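J.: I am attaching a structure below and will ask some questions about it afterwards.
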Amino acid sequence: MFLLGAMLLSALIQGMSAYRNALMEADEIFDYQMQQVALSLRAGMGTGLPLPLGEEQSIDLIVQVWSLDGTPLYRSAGPDWLPQRAVLGFSTVNLRGKHYRVLAIQGRFQVVQVAQDLAVRQRMAGQLAWRTVLPTALMLPLLALVVWWVVSHALGPLERVRQQLARRVAQDLAPVDDADLPTEVRPLVDELNALLERVRQAFETQQHFVADAAHELRSPLAALKLQLQSLKRAPDEEGRAQALDRLGQGIDRAGRLVEQLLALARQDSAKVQAPAQPVALDALCRDAVVDASALAQARGRDLGLARCDPVSVMGRPEALAMLIRNLVDNGIKYGRSRVDLSLEQSGGQALLVVEDDGPGIPDTERTRVFDRFYRAESQAQQAAGSGLGLAIVRSIAQDHGGSLRLGHSTALGGLRVELALPLRKV
């Protein structure tokens with residue numbers, strides 16, 4: 001409707017402008033015609049002989065010839081004699097309620113006057129102007145019909161998309177059918193489908209997190225309940241002290257599990273939302289060693305930064321800091337006395353290595369320890385955990401285009417974890 005209104009307004013403005021220009025051009029043409037008639041008569045009356053009064057000339061143009069002393073010499077068909085003009089050139093004369101356009105030219109012996117009734121002149125000019133505007137007026141309804149059909153035909157696929165979305169339930173995040181869409185509309189539908197895919201991924205991530213959290217929290221809460229019951233049934237102070245100690249350990253394990261679940265949820269959410277930015281990986285390594293030094297000292301582990309080359313990668317600083325912290329925490333948890341962290345630039349990649357002197361992971365289980373809530377037998381015997389640390393590490397590494405590999409540390413004899421990340425392109 002707005003488009004049709006704009007077309008109508010444009011046509012009116014164009015028609016008014018064309019009509020006005022046509023009137024002006026018609027006036028110029030009529031003035032030129034009067035001038036040519038006057039000049040031809042002046043050239044033909046050079047002898048100065050009087051001409052007979054006549055009634056045989058054009059009724060549109062009134063031609064009158066006067067002698068230089070004011071004697072009328074010639075008059076074409078028309079009204080009575082117009083007054084002789086003392087001013088030569090174009091002028092307007094009012095005679096008996098009519099207006100005339102008059103041109104006076106003086107020759108050697110005569111004054112030639114050519115006049116035209118302005119009402120006749122305006123009527124003829126209006127007819128010429130209307131003939132100019134008429135094609136536009138006739139084409140406007142046809143053009144409006146064509147525009148209406150084209151717009152309706154082009155918006156038909158959008159109406160189909162609207163109906164598809166209107167019939168959907170909240171859980172239906174399948175892509176919208178983009179068949180037969182106009183080229184101008186297809187990018188919009190493509191972006192809509194991309195948005196639906198991101199929402200679907202976020203929804204699935206949330207569902208997986210809720211399912212995993214519900215499954216994993218069931219056992220710690222049940223254990224806490226049993227430990228509380230043991231505390232209530234303790235017969236003496238020694239039994240209550242042991243029950244309190246076990247209850248505190250259970251609360252600590254539940255707290256660590258909740259913390260890792262929240263960290264995993266933040267990582268999965270950031271994977272969909274946060275953009276990448278330049279990250280100084282060497283600074284993150286130094287911060288991780290400083291942050292974990294108190295825990296390492298409390299557990300009697302020697303935590304050191306063997307090598308730290310200045311390396312920059314593209315990624316999310318919070319996620320990469322979480323990755324390094326999990327690797328260092330795992331080394332402290334399962335190592336016996338020593339944990340080494342190193343970072344170097346190798347073959348166009350940033351190579352981050354964490355080694356410990358713990359029991360390591362058998363080759364048969366190295367692919368499974370990256371699954372959520374899976375714990376190797378050697379790790380289960382060594383320390384209590386939730387099985388989420390390496391799952392978080394793998395998720396962050398994959399999100400940053402890195403590769404993760406587990407191996408045997410020849411230097412310390414325990415587990416060696418290698419993370420290769422692509423360097424930032426300058």
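Each chain of the structure tokens is named A, B, ... in the order shown, its residues numbered from 1; ligands are numbered from 1 in display order.
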Would you mind writing down, as a list in words, each residue of region 308-370 of chain A that DSSP on the backbone assigns to alpha helix (DSSP H)?

T.: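 Result set for region 308-370 of chain A (alpha helix (DSSP H)): Pro317, Glu318, Ala319, Leu320, Ala321, Met322, Leu323, Ile324, Arg325, Asn326, Leu327, Val328, Asp329, Asn330, Gly331, Ile332, Lys333 and Tyr334 of chain A.
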
J.: Nearest to Trp149 (chain A) among A:Leu415, A:Val279, A:Ala254, A:Leu4, with distances taken over only C-alpha atoms: which residue is it?

T.: A:Leu4

J.: Could you tell me how far CA of Thr410 (chain A) sits from CA of Glu365 (chain A), in Å to one decimal place?

T.: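 A separation of 19.1 Å between them.
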
J.: For Val189 (chain A), find every residue with an atom within 10 Å (counting only C-alpha atoms), except residues of its own chain fewer than 6 positions away, and show them as a list in words.

T.: Leu158, Val161, Pro175, Val176, Asp177, Asp178, Leu181 and Leu195 of chain A

J.: If you keep N, CA and C atoms, can you produce a file of those selected residues as a PDB file, in the first residue's frame?

T.:
ATOM      1  N   LEU A 158       7.674 -15.494   1.257  1.00  0.00           N
ATOM      2  CA  LEU A 158       7.757 -15.025   2.637  1.00  0.00           C
ATOM      3  C   LEU A 158       6.511 -15.388   3.433  1.00  0.00           C
ATOM      4  N   VAL A 161       6.957 -18.907   4.423  1.00  0.00           N
ATOM      5  CA  VAL A 161       7.859 -19.016   5.574  1.00  0.00           C
ATOM      6  C   VAL A 161       7.144 -18.618   6.853  1.00  0.00           C
ATOM      7  N   PRO A 175      15.407 -26.336  10.255  1.00  0.00           N
ATOM      8  CA  PRO A 175      15.575 -25.224   9.310  1.00  0.00           C
ATOM      9  C   PRO A 175      14.300 -24.939   8.530  1.00  0.00           C
ATOM     10  N   VAL A 176      14.118 -23.686   8.169  1.00  0.00           N
ATOM     11  CA  VAL A 176      12.967 -23.270   7.371  1.00  0.00           C
ATOM     12  C   VAL A 176      13.220 -23.636   5.911  1.00  0.00           C
ATOM     13  N   ASP A 177      12.177 -24.114   5.249  1.00  0.00           N
ATOM     14  CA  ASP A 177      12.295 -24.478   3.837  1.00  0.00           C
ATOM     15  C   ASP A 177      12.575 -23.228   3.002  1.00  0.00           C
ATOM     16  N   ASP A 178      13.706 -23.239   2.274  1.00  0.00           N
ATOM     17  CA  ASP A 178      14.091 -22.076   1.474  1.00  0.00           C
ATOM     18  C   ASP A 178      13.932 -22.315  -0.024  1.00  0.00           C
ATOM     19  N   LEU A 181      12.774 -19.393  -3.129  1.00  0.00           N
ATOM     20  CA  LEU A 181      12.822 -18.052  -2.553  1.00  0.00           C
ATOM     21  C   LEU A 181      13.517 -17.091  -3.515  1.00  0.00           C
ATOM     22  N   LEU A 195      20.504 -18.956  12.768  1.00  0.00           N
ATOM     23  CA  LEU A 195      20.108 -18.636  14.141  1.00  0.00           C
ATOM     24  C   LEU A 195      19.380 -19.813  14.785  1.00  0.00           C
TER      25      LEU A 195
END

J.: What's around Val147 (chain A) at 10 Å? Count only C-alpha atoms, leave out sequence neighbours fewer than 5 positions away in its own chain, and write the answer as a list in words.

T.: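 Residues near the query, excluding close chain neighbours: Leu3, Leu4, Met7, Pro141, Leu142, Ser152 and His153 of chain A.
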
J.: Go ahead and write the residues just picked, C-alpha atoms, as a CSV table (one decimal), in the first residue's frame.

T.:
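out.csv was written with the following content:
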chain,number,residue,atom,x,y,z
A,3,LEU,CA,4.5,1.6,-2.5
A,4,LEU,CA,1.3,2.3,-4.4
A,7,MET,CA,3.8,5.8,-7.0
A,141,PRO,CA,-3.2,2.2,-13.3
A,142,LEU,CA,-1.4,-0.3,-15.5
A,152,SER,CA,2.5,-10.1,-4.3
A,153,HIS,CA,4.4,-12.7,-6.3

J.: Counting only C-alpha atoms, which of A:Leu173, A:Met16, A:Val185, A:Ala234 gets nearest to Glu197 (chain A)?

T.: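 Answer, going by the shortest atom-to-atom distance: A:Leu173.
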
J.: Choose the residue, out of A:Leu341, A:Ala280, A:Val258, A:Ile62, that has the smallest atom-to-atom separation from Ala292 (chain A); count only C-alpha atoms.

T.: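 Counting only C-alpha atoms, the residue closest to Ala292 (chain A) is A:Leu341.
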
J.: Can you work out the spacing between CA of Glu204 (chain A) and CA of Leu323 (chain A) in Å, to one decimal?

T.: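 That distance, rounded to one decimal, is 22.6 Å.
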
J.: From the options A:Ala11, A:Leu231, A:Gly250, A:Leu412, which residue's atoms come nearest to Leu143 (chain A), counting only C-alpha atoms?

T.: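 Residue with the minimum atom-to-atom distance to Leu143 (chain A): A:Ala11.
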
J.: Show which residues sit within 6 Å of Arg338 (chain A), as a ChimeraX atom specification. Count only C-alpha atoms, and ignore same-chain residues fewer than 4 positions away.

T.: /A:301-302,356

J.: Find, counting only C-alpha atoms, the residue in A:Leu404, A:Leu281, A:Arg186, A:Ala202 that gets nearest to Arg316 (chain A).

T.: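 Closest to Arg316 (chain A), using only C-alpha atoms: A:Leu281.
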
J.: Which neighbours of Val93 (chain A) fall inside 12 Å, counting only C-alpha atoms, when residues of the same chain fewer than 4 positions from it are skipped, and could you give them as a PDB file with N, CA and C atoms, in the first residue's frame?

T.:
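Done, and the output landed in part16.pdb:
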ATOM      1  N   TRP A  81     -11.241  47.329 -34.216  1.00  0.00           N
ATOM      2  CA  TRP A  81      -9.813  47.667 -34.172  1.00  0.00           C
ATOM      3  C   TRP A  81      -9.318  47.721 -32.729  1.00  0.00           C
ATOM      4  N   LEU A  82      -8.185  47.041 -32.540  1.00  0.00           N
ATOM      5  CA  LEU A  82      -7.501  47.182 -31.260  1.00  0.00           C
ATOM      6  C   LEU A  82      -6.747  48.506 -31.262  1.00  0.00           C
ATOM      7  N   PRO A  83      -6.575  49.130 -30.125  1.00  0.00           N
ATOM      8  CA  PRO A  83      -5.863  50.407 -30.105  1.00  0.00           C
ATOM      9  C   PRO A  83      -4.420  50.209 -30.544  1.00  0.00           C
ATOM     10  N   GLN A  84      -3.928  51.205 -31.286  1.00  0.00           N
ATOM     11  CA  GLN A  84      -2.544  51.136 -31.721  1.00  0.00           C
ATOM     12  C   GLN A  84      -1.632  51.323 -30.512  1.00  0.00           C
ATOM     13  N   ARG A  85      -0.645  50.415 -30.383  1.00  0.00           N
ATOM     14  CA  ARG A  85       0.235  50.443 -29.223  1.00  0.00           C
ATOM     15  C   ARG A  85       1.413  51.369 -29.478  1.00  0.00           C
ATOM     16  N   VAL A  87       3.914  51.354 -27.483  1.00  0.00           N
ATOM     17  CA  VAL A  87       5.069  50.561 -27.045  1.00  0.00           C
ATOM     18  C   VAL A  87       5.194  49.369 -27.966  1.00  0.00           C
ATOM     19  N   GLY A  97     -13.774  43.364 -21.897  1.00  0.00           N
ATOM     20  CA  GLY A  97     -13.787  42.188 -21.026  1.00  0.00           C
ATOM     21  C   GLY A  97     -12.916  41.052 -21.490  1.00  0.00           C
ATOM     22  N   LYS A  98     -12.201  41.219 -22.590  1.00  0.00           N
ATOM     23  CA  LYS A  98     -11.308  40.180 -23.076  1.00  0.00           C
ATOM     24  C   LYS A  98      -9.867  40.651 -22.990  1.00  0.00           C
ATOM     25  N   HIS A  99      -8.978  39.689 -22.797  1.00  0.00           N
ATOM     26  CA  HIS A  99      -7.566  39.979 -22.732  1.00  0.00           C
ATOM     27  C   HIS A  99      -6.902  39.446 -23.990  1.00  0.00           C
ATOM     28  N   TYR A 100      -6.045  40.294 -24.568  1.00  0.00           N
ATOM     29  CA  TYR A 100      -5.351  39.927 -25.791  1.00  0.00           C
ATOM     30  C   TYR A 100      -3.846  40.025 -25.571  1.00  0.00           C
ATOM     31  N   ARG A 101      -3.170  39.084 -26.190  1.00  0.00           N
ATOM     32  CA  ARG A 101      -1.714  39.131 -26.251  1.00  0.00           C
ATOM     33  C   ARG A 101      -1.349  39.815 -27.557  1.00  0.00           C
ATOM     34  N   VAL A 102      -0.628  40.930 -27.466  1.00  0.00           N
ATOM     35  CA  VAL A 102      -0.383  41.768 -28.642  1.00  0.00           C
ATOM     36  C   VAL A 102       1.117  41.913 -28.858  1.00  0.00           C
ATOM     37  N   LEU A 103       1.511  41.797 -30.153  1.00  0.00           N
ATOM     38  CA  LEU A 103       2.894  42.051 -30.559  1.00  0.00           C
ATOM     39  C   LEU A 103       2.890  43.161 -31.588  1.00  0.00           C
ATOM     40  N   ALA A 104       3.646  44.229 -31.337  1.00  0.00           N
ATOM     41  CA  ALA A 104       3.727  45.373 -32.263  1.00  0.00           C
ATOM     42  C   ALA A 104       5.143  45.487 -32.790  1.00  0.00           C
ATOM     43  N   GLN A 113       0.626  44.939 -36.088  1.00  0.00           N
ATOM     44  CA  GLN A 113       0.228  44.370 -34.800  1.00  0.00           C
ATOM     45  C   GLN A 113      -0.398  43.000 -35.027  1.00  0.00           C
ATOM     46  N   VAL A 114       0.054  42.045 -34.229  1.00  0.00           N
ATOM     47  CA  VAL A 114      -0.525  40.697 -34.241  1.00  0.00           C
ATOM     48  C   VAL A 114      -1.023  40.421 -32.848  1.00  0.00           C
ATOM     49  N   ALA A 115      -2.283  40.069 -32.727  1.00  0.00           N
ATOM     50  CA  ALA A 115      -2.906  39.847 -31.415  1.00  0.00           C
ATOM     51  C   ALA A 115      -3.556  38.476 -31.373  1.00  0.00           C
ATOM     52  N   GLN A 116      -3.728  37.968 -30.156  1.00  0.00           N
ATOM     53  CA  GLN A 116      -4.368  36.672 -29.955  1.00  0.00           C
ATOM     54  C   GLN A 116      -5.160  36.721 -28.659  1.00  0.00           C
ATOM     55  N   ASP A 117      -6.384  36.202 -28.704  1.00  0.00           N
ATOM     56  CA  ASP A 117      -7.228  36.152 -27.518  1.00  0.00           C
ATOM     57  C   ASP A 117      -6.584  35.186 -26.508  1.00  0.00           C
ATOM     58  N   LEU A 118      -6.325  35.669 -25.269  1.00  0.00           N
ATOM     59  CA  LEU A 118      -5.676  34.828 -24.271  1.00  0.00           C
ATOM     60  C   LEU A 118      -6.538  33.630 -23.884  1.00  0.00           C
TER      61      LEU A 118
END
